[in-house]
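K.L.:
My questions will all concern the structure given below.
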2 protein chains.
Amino acid sequence: MSRYVIGVDFGTESGRAILVDTADGREIASDVYQYSNGVIDERLPSSDQPLETDWALQDPQDYLRTFQNVIPNTIKKSGINPENIIGIGIDFTACTMLPTTADGTPLCFQPEWKDNPHAWVKLWKHHAAQPEADLINSTAREMGEPWLERYGGKISSEWFFSKVLQIVHEAPEVYKAADRMIEAADWVVWQLTGVETRNSCTAGYKAIWSKSEGFPSKDYFKALHPMLENVVDEKMSRDIRPAGQKAGGLSPQAAEWTGLKPGTAVAVANVDAHVAVPAVTVTEAGRMVMIMGTSTCHMVLGKEEHLVPGICGYVEDGIIPDFFGYEAGQSCVGDHFAWFVENCVPGSYDQEAEERGIGIHALLEEKASRYQAGETGLVALDWWNGNRSVLVDVDLAGVLVGMTLATKPEEIYRALIEATAFGTRVIVEAFQQNGVPIHELVACGGLPEKNSLLMQIYSDVMGMPFKVSASAQTPALGSAMFGAVAAGKAAGGYDSIYEAAQAMASLKEDYYKPDMENHAVYNRLYTEYIQLHDYFGRGANDVLKRLKALKGEVLADRTRKES
Amino acid sequence: MSRYVIGVDFGTESGRAILVDTADGREIASDVYQYSNGVIDERLPSSDQPLETDWALQDPQDYLRTFQNVIPNTIKKSGINPENIIGIGIDFTACTMLPTTADGTPLCFQPEWKDNPHAWVKLWKHHAAQPEADLINSTAREMGEPWLERYGGKISSEWFFSKVLQIVHEAPEVYKAADRMIEAADWVVWQLTGVETRNSCTAGYKAIWSKSEGFPSKDYFKALHPMLENVVDEKMSRDIRPAGQKAGGLSPQAAEWTGLKPGTAVAVANVDAHVAVPAVTVTEAGRMVMIMGTSTCHMVLGKEEHLVPGICGYVEDGIIPDFFGYEAGQSCVGDHFAWFVENCVPGSYDQEAEERGIGIHALLEEKASRYQAGETGLVALDWWNGNRSVLVDVDLAGVLVGMTLATKPEEIYRALIEATAFGTRVIVEAFQQNGVPIHELVACGGLPEKNSLLMQIYSDVMGMPFKVSASAQTPALGSAMFGAVAAGKAAGGYDSIYEAAQAMASLKEDYYKPDMENHAVYNRLYTEYIQLHDYFGRGANDVLKRLKALKGEVLADRTRKES
């Protein structure tokens with residue numbers, strides 16, 4: 001008899017569920033819910049008070065509505081009897097966090113707090129905690145904190161304690177009123193099971209936790225702010241669960257929301273990118289997984305612990321039990337091409353695309369593919385949104401060199417694709433040179449399906465095969481797989497994520513193979529890229545930072561004069 | 001009784017005449033003739049044989065047709081009696097040269113030569129003689145030729161002996177058949193007067209002649225090619241006339257073509273850019289004249305002789321008698337903006353411009369003017385067409401730094417304007433630092449009339465007033481002024497170009513004054529520009545040359561495979 005599992009993937013704008021067969025990972029049905037309050041970055045719902053720049057909040061009610069909509073709809077579409085659905089897993093954006101009461105009620109649900117922006121969910125891309133991140137980093141350096149190196153030497157403003165510290169600084173009353181500070185990932189699992197758990201993935205990658213060392217010391221937290229001294233014991237938990245564990249059984253209330261059986265196994269929470277790794281068959285060292293969309297997240301497993309300068313971090317059990325999960329990132333990939341299309345493509349191209357009934361990206365890809373490696377005479381630094389790995393510097397900006405009066409838009413478009421490929425190669429080489437081998441790339445996400453020129457260029461630049469997930473919903477599939485592990489073999493699931501991956505994950509048969517002639521040309525271009533990368537990115541010429549600083553001065557001066 | 005003079009300006013696509021009052025330079029009438037064969041860069045007229053890349057030829061018949069059309073039309077439009085027209089001057093693009101017989105007949109007029117491309121006029125922008133320029137430069141360096149430094153250390157592929165040597169290399173039979181090798185400027189004066197003369201402007205700036213040293217030695221020419229040993233004595237002339245001299249009186253045939261009186265004074269030829277200098281009132285040291293169009297030509301007068309590294313050259317009597325005329329250039333100015341508009345402006349902007357009934361450049365100027373100095377966070381190197389001064393390097397290409405996902409097209413447009421202003425400042429400072437003072441800028445040409453944002457940015461970047469010619473036809477006015485000098489005071493003209501300039505030249509009353517607050521910001525951006533300029537242009541990182549070389553290799557390889 002067939003058994004099924006459900007994976008729920010909470011994205012930035014919407015949440016989606018898929019229902020898959022535990023035997024082979026086949027997708028039976030799926031459904032999507034668009035968050036009714038979306039990304040809150042202008043004003044709070046039912047409030048006129050404008051939010052400051054760089055804020056990005058969400059409404060926890062949207063997460064509950066996701067469960068209440070997508071799970072019943074998916075079950076209905078599938079025609080499957082809920083009796084045969086044995087497990088559920090979820091993945092979430094991270095760090096996306098919120099303050100709650102002791103019973104898990106978000107502070108923003110309470111009338112006395114609902115008008116305070118700090119009572120709401122801080123979304124991963126809430127970027128207003130940079131001063132706090134700076135303090136976290138400088139304090140760690142001063143105190144010689146050993147964990148700093150695990151994160152490439154820098155904690156991001158997006159991460160958990162930057163956001164917590166911003167609440168302490170700007171709304172200490174919210175911090176005091178909150179009994180819990182929790183990742184939204186763990187919060188939604190709590191809502192399903194009635195039991196609070198904390199997962200090792202967000203704890204490790206976003207909250208400075210490690211399996212062997214735990215959290216930073218109380219002394220360190222106290223040095224950041226006296227109120228934070230006991231933050232872990234007072235508002236968090238030291239009981240951190242690895243991926244694949246069962247968090248609990250579905251509560252009667254959640255069963256009512258979803259139409260599933262009470263007691264259905266619920267896996268501990270996971271992060272959207274990390275959960276994709278086993279879902280693209282990767283449960284061993286040497287194959288790097290790339291989630292490619294507006295930005296790219298790179299993940300690779302390793303049996304050994306290594307410090308890799310400039311990566312986002314590594315966490316034991318962070319992706320798969322018994323492996324160190326290494327993570328790096330490029331902050332601008334699809335976003336480059338979106339920017340280019342919006343700002344740099346002549347009207348005649350739009351017209352041609354329209355006349356031929358194809359998209360503008362498809363037209364640009366077609367035109368760009370007529371050029372060979374090295375033929376554009378262009379090289380770019382892919383830093384339109386700063387550099388995450390390996391320079392970890394948000395103040396960097398884009399560079400484009402080699403334009404002539406004969407340069408065409410599609411050549412610049414191609415140069416941007418190549419630049420992101422070179423950016424990935426920098427990351428791959430940083431891993432390789434520091435003891436984390438990589439010999440193959442595996443992609444999932446929006447871009448790989450859409451742009452085969454890009455995929456071939458990556459393969460050529462890297463000189464490696466580049467494979468693609470068979471699933472169009474890779475994170476949701478990964479979550480479903482962890483749901484099957486939470487259910488266990490006895491119930492018709494699996495006893496480990498390795499077994500689940502073996503049965504349920506798969507790649508497309510066709511994949512991109514490197515053209516070694518192009519690879520040789522790209523090796524030469526990559527040498528140029530590296531020279532510019534180091535010149536503009538490692539202090540030889542800090543022009544990009546000075547231009548940004550000057551811009552800031554000019555704008556401040558302008559504001560002063562206008563007011 | 002009023003006296004009048006005619007100036008004829010031979011441009012790249014057309015020739016134009018203006019008729020002006022000698023008393024005040026007031027324009028009475030004008031006319032334009034579009035060359036019927038235009039720029040010949042694909043195939044010769046009535047021939048199927050394709051020209052090679054980088055070739056650019058013209059038909060001398062178009063120059064005669066210009067006289068036959070524009071002078072009679074101008075006279076007719078003016079209603080002036082030809083009896084009262086006392087002089088005529090011409091200016092031309094340079095180096096634009098052709099081979100002729102002893103009586104001045106162009107070889108390309110002869111049936112036996114008309115199918116040989118080398119028998120035609122090589123236009124200034126004929127760029128196929130780079131190997132010859134390289135040989136001219138390397139031979140000069142090996143032989144320690146003293147004149148090389150006068151030209152900033154490099155002779156251009158556009159110049160006279162590069163073009164002559166290409167004929168010797170590729171069509172020695174044409175070289176042998178030609179009795180004369182002559183600038184088109186001098187050739188058209190010959191056609192008007194029946195007398196061959198050679199002017200000091202083209203001789204000095206384009207043919208390595210100087211008032212004190214003459215031409216390079218026979219030994220040098222022999223070293224270039226044995227056939228060239230006596231090129232000056234056999235095919236040219238050592239009798240070089242300064243601007244303002246009378247070349248001769250109008251021949252009966254030319255009087256018939258033009259409707260002017262036989263014997264009307266004809267001035268020796270001049271170059272379009274150089275003739276503009278007195279026409280914008282500049283007959284003294286310290287004020288730099290800029291002819292701004294697709295490219296910019298910079299000219300400044302000095303009483304003393306100074307070596308200025310990287311300028312195009314300096315010539316005694318080259319612009320105005322008794323002055324050293326210094327020339328520098330930027331090879332891509334208006335061309336930058338034309339490239340940008342063609343390749344980088346989104347369709348929505350075209351639409352907005354159309355809806356508002358304004359040009360796309362006007363729209364971009366309006367949008368760009370909303371930004372302040374330093375606000376875009378961008379800096380560009382204006383090398384889309386290489387760098388003429390002060391790096392003298394055609395292998396350089398464009399650089400743009402500082403882009404973010406928020407960068408708008410108009411910000412890039414503004415950065416390109418600023419880059420060309422910084423490029424001019426490099427030239428101004430090269431002059432200033434080498435004994436040629438400059439304290440004011442004076443502009444003429446197409447751009448200054450069209451783009452006041454650009455003019456203000458130049459003034460701000462330089463911290464200098466920037467004035468503008470009162471005439472929309474500055475070169476033609478300058479030619480007319482030299483026509484008045486050729487006629488002389490006794491005939492109702494002038495005895496010197498100084499007197500002519502005093503009476504006939506003028507500037508617009510309004511001019512651009514530097515905003516010293518912007519100047520302070522631009523000083524900081526200029527420091528960044530210089531650092532990038534030297535890094536990419538002076539050998540620290542020759543990435544631009546390597547990218548160009550790689551592109552050449554890839555294209556050659558592609559051609560090889562496809563054939």
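Going through the structure tokens in order, the chains are called A, B, and so on, while each chain numbers its residues from 1 and the ligands are numbered from 1 in the order shown.
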Identify, on the basis of only C-alpha atoms, every residue whose closest approach to Pro82 (chain A) does not exceed 12 Å; exclude the query and any residue fewer than 6 positions from it along the same chain; express the result as a list in words.

P.N.:
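These residues fall inside the cut-off: Ser2, Arg3, Tyr4, Val5, Ile6, Leu19, Ile71, Pro72, Thr74, Ile75, Lys76, Ile88, Ala255, Thr258, Gly259, Leu260, Lys261, Pro262, Gly263 and Thr264 of chain A.
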
K.L.:
Okay, now the selection with N, CA, C and O atoms, as a PDB file, in the first residue's frame?

P.N.:
```
ATOM      1  N   SER A   2       0.489   2.242  -0.825  1.00  0.00           N
ATOM      2  CA  SER A   2       1.301   3.462  -0.943  1.00  0.00           C
ATOM      3  C   SER A   2       1.147   4.364   0.272  1.00  0.00           C
ATOM      4  O   SER A   2       0.066   4.450   0.863  1.00  0.00           O
ATOM      5  N   ARG A   3       2.265   5.014   0.602  1.00  0.00           N
ATOM      6  CA  ARG A   3       2.266   5.993   1.691  1.00  0.00           C
ATOM      7  C   ARG A   3       2.738   7.337   1.116  1.00  0.00           C
ATOM      8  O   ARG A   3       3.531   7.371   0.182  1.00  0.00           O
ATOM      9  N   TYR A   4       2.252   8.386   1.745  1.00  0.00           N
ATOM     10  CA  TYR A   4       2.539   9.712   1.197  1.00  0.00           C
ATOM     11  C   TYR A   4       3.048  10.657   2.289  1.00  0.00           C
ATOM     12  O   TYR A   4       2.781  10.445   3.480  1.00  0.00           O
ATOM     13  N   VAL A   5       3.759  11.666   1.870  1.00  0.00           N
ATOM     14  CA  VAL A   5       4.221  12.710   2.799  1.00  0.00           C
ATOM     15  C   VAL A   5       3.984  14.076   2.170  1.00  0.00           C
ATOM     16  O   VAL A   5       3.900  14.210   0.945  1.00  0.00           O
ATOM     17  N   ILE A   6       3.902  15.068   3.043  1.00  0.00           N
ATOM     18  CA  ILE A   6       3.685  16.441   2.584  1.00  0.00           C
ATOM     19  C   ILE A   6       4.874  17.297   2.986  1.00  0.00           C
ATOM     20  O   ILE A   6       5.383  17.193   4.113  1.00  0.00           O
ATOM     21  N   LEU A  19       2.508  17.131  -2.197  1.00  0.00           N
ATOM     22  CA  LEU A  19       2.230  15.819  -1.637  1.00  0.00           C
ATOM     23  C   LEU A  19       2.945  14.820  -2.541  1.00  0.00           C
ATOM     24  O   LEU A  19       2.745  14.831  -3.761  1.00  0.00           O
ATOM     25  N   ILE A  71      -2.535  22.810   2.561  1.00  0.00           N
ATOM     26  CA  ILE A  71      -2.579  21.378   2.864  1.00  0.00           C
ATOM     27  C   ILE A  71      -3.934  20.774   2.492  1.00  0.00           C
ATOM     28  O   ILE A  71      -3.988  19.803   1.729  1.00  0.00           O
ATOM     29  N   PRO A  72      -5.050  21.387   2.951  1.00  0.00           N
ATOM     30  CA  PRO A  72      -6.343  20.821   2.510  1.00  0.00           C
ATOM     31  C   PRO A  72      -6.487  20.811   0.980  1.00  0.00           C
ATOM     32  O   PRO A  72      -6.962  19.825   0.417  1.00  0.00           O
ATOM     33  N   THR A  74      -4.175  20.640  -1.298  1.00  0.00           N
ATOM     34  CA  THR A  74      -3.311  19.640  -1.917  1.00  0.00           C
ATOM     35  C   THR A  74      -3.912  18.242  -1.742  1.00  0.00           C
ATOM     36  O   THR A  74      -3.939  17.443  -2.685  1.00  0.00           O
ATOM     37  N   ILE A  75      -4.399  17.990  -0.536  1.00  0.00           N
ATOM     38  CA  ILE A  75      -5.006  16.671  -0.292  1.00  0.00           C
ATOM     39  C   ILE A  75      -6.198  16.463  -1.229  1.00  0.00           C
ATOM     40  O   ILE A  75      -6.339  15.422  -1.861  1.00  0.00           O
ATOM     41  N   LYS A  76      -6.988  17.545  -1.332  1.00  0.00           N
ATOM     42  CA  LYS A  76      -8.173  17.448  -2.177  1.00  0.00           C
ATOM     43  C   LYS A  76      -7.790  17.166  -3.628  1.00  0.00           C
ATOM     44  O   LYS A  76      -8.353  16.286  -4.275  1.00  0.00           O
ATOM     45  N   ILE A  88       4.919  15.012   7.713  1.00  0.00           N
ATOM     46  CA  ILE A  88       4.947  16.347   7.148  1.00  0.00           C
ATOM     47  C   ILE A  88       6.245  17.020   7.575  1.00  0.00           C
ATOM     48  O   ILE A  88       6.710  16.850   8.707  1.00  0.00           O
ATOM     49  N   ALA A 255      -4.604  19.439  13.073  1.00  0.00           N
ATOM     50  CA  ALA A 255      -5.289  18.423  12.259  1.00  0.00           C
ATOM     51  C   ALA A 255      -6.571  19.009  11.681  1.00  0.00           C
ATOM     52  O   ALA A 255      -6.919  18.771  10.521  1.00  0.00           O
ATOM     53  N   THR A 258      -5.730  21.354   8.796  1.00  0.00           N
ATOM     54  CA  THR A 258      -5.112  20.783   7.601  1.00  0.00           C
ATOM     55  C   THR A 258      -5.888  19.631   6.999  1.00  0.00           C
ATOM     56  O   THR A 258      -5.679  19.276   5.834  1.00  0.00           O
ATOM     57  N   GLY A 259      -6.740  19.005   7.799  1.00  0.00           N
ATOM     58  CA  GLY A 259      -7.419  17.814   7.292  1.00  0.00           C
ATOM     59  C   GLY A 259      -6.586  16.559   7.431  1.00  0.00           C
ATOM     60  O   GLY A 259      -6.974  15.494   6.936  1.00  0.00           O
ATOM     61  N   LEU A 260      -5.425  16.676   8.079  1.00  0.00           N
ATOM     62  CA  LEU A 260      -4.589  15.494   8.296  1.00  0.00           C
ATOM     63  C   LEU A 260      -4.984  14.823   9.606  1.00  0.00           C
ATOM     64  O   LEU A 260      -5.685  15.397  10.441  1.00  0.00           O
ATOM     65  N   LYS A 261      -4.481  13.613   9.760  1.00  0.00           N
ATOM     66  CA  LYS A 261      -4.758  12.835  10.962  1.00  0.00           C
ATOM     67  C   LYS A 261      -4.033  13.440  12.164  1.00  0.00           C
ATOM     68  O   LYS A 261      -2.851  13.758  12.061  1.00  0.00           O
ATOM     69  N   PRO A 262      -4.705  13.581  13.331  1.00  0.00           N
ATOM     70  CA  PRO A 262      -3.960  13.977  14.523  1.00  0.00           C
ATOM     71  C   PRO A 262      -2.847  12.963  14.772  1.00  0.00           C
ATOM     72  O   PRO A 262      -3.029  11.763  14.518  1.00  0.00           O
ATOM     73  N   GLY A 263      -1.706  13.464  15.226  1.00  0.00           N
ATOM     74  CA  GLY A 263      -0.587  12.563  15.504  1.00  0.00           C
ATOM     75  C   GLY A 263       0.311  12.293  14.320  1.00  0.00           C
ATOM     76  O   GLY A 263       1.365  11.670  14.454  1.00  0.00           O
ATOM     77  N   THR A 264      -0.053  12.779  13.122  1.00  0.00           N
ATOM     78  CA  THR A 264       0.827  12.614  11.957  1.00  0.00           C
ATOM     79  C   THR A 264       2.205  13.175  12.293  1.00  0.00           C
ATOM     80  O   THR A 264       2.322  14.251  12.885  1.00  0.00           O
TER      81      THR A 264
END
```

K.L.:
Check which residues of chain B sit at most 8 Å from chain A using only C-alpha atoms, and return one row each with the closest pair of atoms and their distance in Å to one decimal, ordered by chain and rising number, as a tab-separated table.

P.N.:
```
residue	atom	partner	partner_atom	distance
B:Asp335	CA	A:Leu405	CA	7.5
B:His336	CA	A:Leu405	CA	7.3
B:Trp339	CA	A:Leu405	CA	6.0
B:Glu342	CA	A:Pro346	CA	7.0
B:Asn343	CA	A:Pro346	CA	5.8
B:Cys344	CA	A:Cys344	CA	4.4
B:Val345	CA	A:Pro346	CA	5.1
B:Pro346	CA	A:Pro346	CA	4.6
B:Gly347	CA	A:Gly347	CA	3.5
B:Ser348	CA	A:Gly347	CA	7.2
B:Asp350	CA	A:Gly347	CA	7.2
B:Gln372	CA	A:Val554	CA	7.5
B:Ala373	CA	A:Val554	CA	7.8
B:Gly374	CA	A:Lys551	CA	5.5
B:Glu375	CA	A:Lys551	CA	4.6
B:Thr376	CA	A:Lys551	CA	6.7
B:Gly377	CA	A:Leu547	CA	4.9
B:Leu378	CA	A:Leu547	CA	6.9
B:Trp383	CA	A:Thr404	CA	7.5
B:Trp384	CA	A:Thr404	CA	4.1
B:Asn385	CA	A:Thr404	CA	5.9
B:Leu396	CA	A:Gly402	CA	7.8
B:Ala397	CA	A:Gly402	CA	4.8
B:Gly398	CA	A:Met403	CA	4.5
B:Val399	CA	A:Val401	CA	4.3
B:Leu400	CA	A:Leu400	CA	5.2
B:Val401	CA	A:Val399	CA	4.3
B:Gly402	CA	A:Ala397	CA	4.8
B:Met403	CA	A:Gly398	CA	4.5
B:Thr404	CA	A:Trp384	CA	4.1
B:Leu405	CA	A:Trp384	CA	5.5
B:Lys408	CA	A:Asn343	CA	6.3
B:Pro409	CA	A:Asn343	CA	5.9
B:Leu525	CA	A:Leu547	CA	7.9
B:Glu528	CA	A:Val543	CA	6.5
B:Val543	CA	A:Glu528	CA	6.5
B:Leu544	CA	A:Gly402	CA	5.8
B:Leu547	CA	A:Gly377	CA	4.9
B:Lys548	CA	A:Gly377	CA	5.6
B:Leu550	CA	A:Gly374	CA	6.2
B:Lys551	CA	A:Glu375	CA	4.6
B:Gly552	CA	A:Glu375	CA	7.8
B:Val554	CA	A:Glu375	CA	6.0
B:Leu555	CA	A:Glu375	CA	6.8
```

K.L.:
Nearest to Ala243 (chain B): which of B:Gly293, B:Gly153, B:Gly214, B:Gly325 is it, counting only C-alpha atoms?

P.N.:
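Among the listed residues, B:Gly325 lies closest to Ala243 (chain B).
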
K.L.:
Please run DSSP on the backbone and report, as a PyMOL selection string, all residues within region 519-548 of chain A that come out as alpha helix (DSSP H).

P.N.:
chain A and resi 519-537+543-548

K.L.:
Give me the residues near Thr22 (chain B) as a VMD selection string, where near means some atom within 9 Å (using only C-alpha atoms) and where sequence neighbours in that chain fewer than 3 positions away do not count.

P.N.:
chain B and resid 2 to 5 25 to 26 480 to 481 484 492 to 494 500 503 to 504

K.L.:
Might you pull out every residue within 6 Å of Leu192 (chain A), with only C-alpha atoms counted and same-chain residues fewer than 2 positions away left off, and present them as a list in words?

P.N.:
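Final neighbour list, sorted by chain and number: Val189, Trp190, Leu250 and Ala254 of chain A.
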
K.L.:
What would the file look like if the residues just selected were written as a tab-separated table (two decimals), in the first residue's frame with N, CA and C atoms?

P.N.:
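again_32.tsv was written with the following content:
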```tsv
chain	number	residue	atom	x	y	z
A	189	VAL	N	6.40	24.91	13.21
A	189	VAL	CA	6.40	23.51	13.69
A	189	VAL	C	5.71	23.45	15.06
A	190	TRP	N	6.00	24.44	15.88
A	190	TRP	CA	5.33	24.57	17.19
A	190	TRP	C	3.81	24.65	17.00
A	250	LEU	N	1.03	15.72	14.98
A	250	LEU	CA	0.13	16.83	14.66
A	250	LEU	C	-0.90	17.01	15.77
A	254	ALA	N	-4.20	21.54	14.74
A	254	ALA	CA	-3.55	21.57	13.43
A	254	ALA	C	-4.18	20.53	12.51
```

K.L.:
Hey, can you check how far CA of Ala203 (chain A) sits from CA of Leu57 (chain A)?

P.N.:
20.3 Å

K.L.:
For CA of Met462 (chain A) and CA of Val280 (chain A), quote the distance in Å rounded to one decimal.

P.N.:
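It comes out at 19.6 Å.
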
K.L.:
I'd like the neighbourhood of Met143 (chain A) as a ChimeraX atom specification, where a residue qualifies if any of its atoms comes within 12 Å (using only C-alpha atoms), though same-chain residues fewer than 6 positions away should be ignored.

P.N.:
/A:135-137,216-217,219-224

K.L.:
Output the selection as a short mmCIF file (atom, residue, chain, number, x, y, z; two decimals), in the first residue's frame - N, CA and C atoms for each residue.

P.N.:
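This went into again-v2.cif:
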```
data_model
loop_
_atom_site.label_atom_id
_atom_site.label_comp_id
_atom_site.auth_asym_id
_atom_site.auth_seq_id
_atom_site.Cartn_x
_atom_site.Cartn_y
_atom_site.Cartn_z
N LEU A 135 28.44 45.69 15.79
CA LEU A 135 28.79 45.55 17.21
C LEU A 135 29.08 44.09 17.56
N ILE A 136 28.27 43.19 17.02
CA ILE A 136 28.49 41.75 17.25
C ILE A 136 29.87 41.34 16.76
N ASN A 137 30.25 41.85 15.60
CA ASN A 137 31.55 41.48 15.01
C ASN A 137 32.72 42.11 15.76
N PRO A 216 27.49 31.10 21.98
CA PRO A 216 28.50 31.94 22.61
C PRO A 216 28.23 32.07 24.12
N SER A 217 29.24 32.51 24.84
CA SER A 217 29.16 32.54 26.31
C SER A 217 28.26 33.66 26.82
N ASP A 219 29.15 35.75 28.99
CA ASP A 219 30.01 36.94 29.06
C ASP A 219 29.96 37.71 27.75
N TYR A 220 30.01 36.95 26.69
CA TYR A 220 29.96 37.61 25.39
C TYR A 220 28.62 38.33 25.21
N PHE A 221 27.53 37.64 25.48
CA PHE A 221 26.22 38.27 25.31
C PHE A 221 26.08 39.49 26.23
N LYS A 222 26.62 39.37 27.43
CA LYS A 222 26.56 40.49 28.37
C LYS A 222 27.33 41.69 27.83
N ALA A 223 28.46 41.40 27.19
CA ALA A 223 29.26 42.48 26.62
C ALA A 223 28.50 43.19 25.50
N LEU A 224 27.69 42.44 24.78
CA LEU A 224 26.88 43.08 23.72
C LEU A 224 25.85 44.01 24.35
#
```

K.L.:
Just to confirm, what's the straight-line distance from CA of Asp59 (chain A) to CA of Ile90 (chain A) in Å (one decimal)?

P.N.:
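Distance between the two atoms: 17.7 Å.
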
K.L.:
I'd like to know which residues of region 391-459 of chain A are strand (DSSP E or B) (by DSSP, run on the backbone); could you write them as an MDAnalysis selection string?

P.N.:
chainID A and resid 393 398:403 438:444

K.L.:
Closest to Tyr205 (chain A) among A:Val315, A:Ala102, A:Ala353, A:Ala184, using only C-alpha atoms?

P.N.:
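Answer, going by the shortest atom-to-atom distance: A:Val315.
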
K.L.:
Counting only C-alpha atoms, which residue out of A:Glu149, A:Pro309, A:Ala23, A:Arg43 sits closest to Glu499 (chain A)?

P.N.:
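So, comparing all the options, the nearest one is A:Ala23.
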
K.L.:
Pick the closest to Ser78 (chain B) from B:Ser14, B:Ser30, B:Ser295, B:Asn199: which is it, counting only C-alpha atoms?

P.N.:
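Under the stated criterion, the closest residue is B:Ser30.
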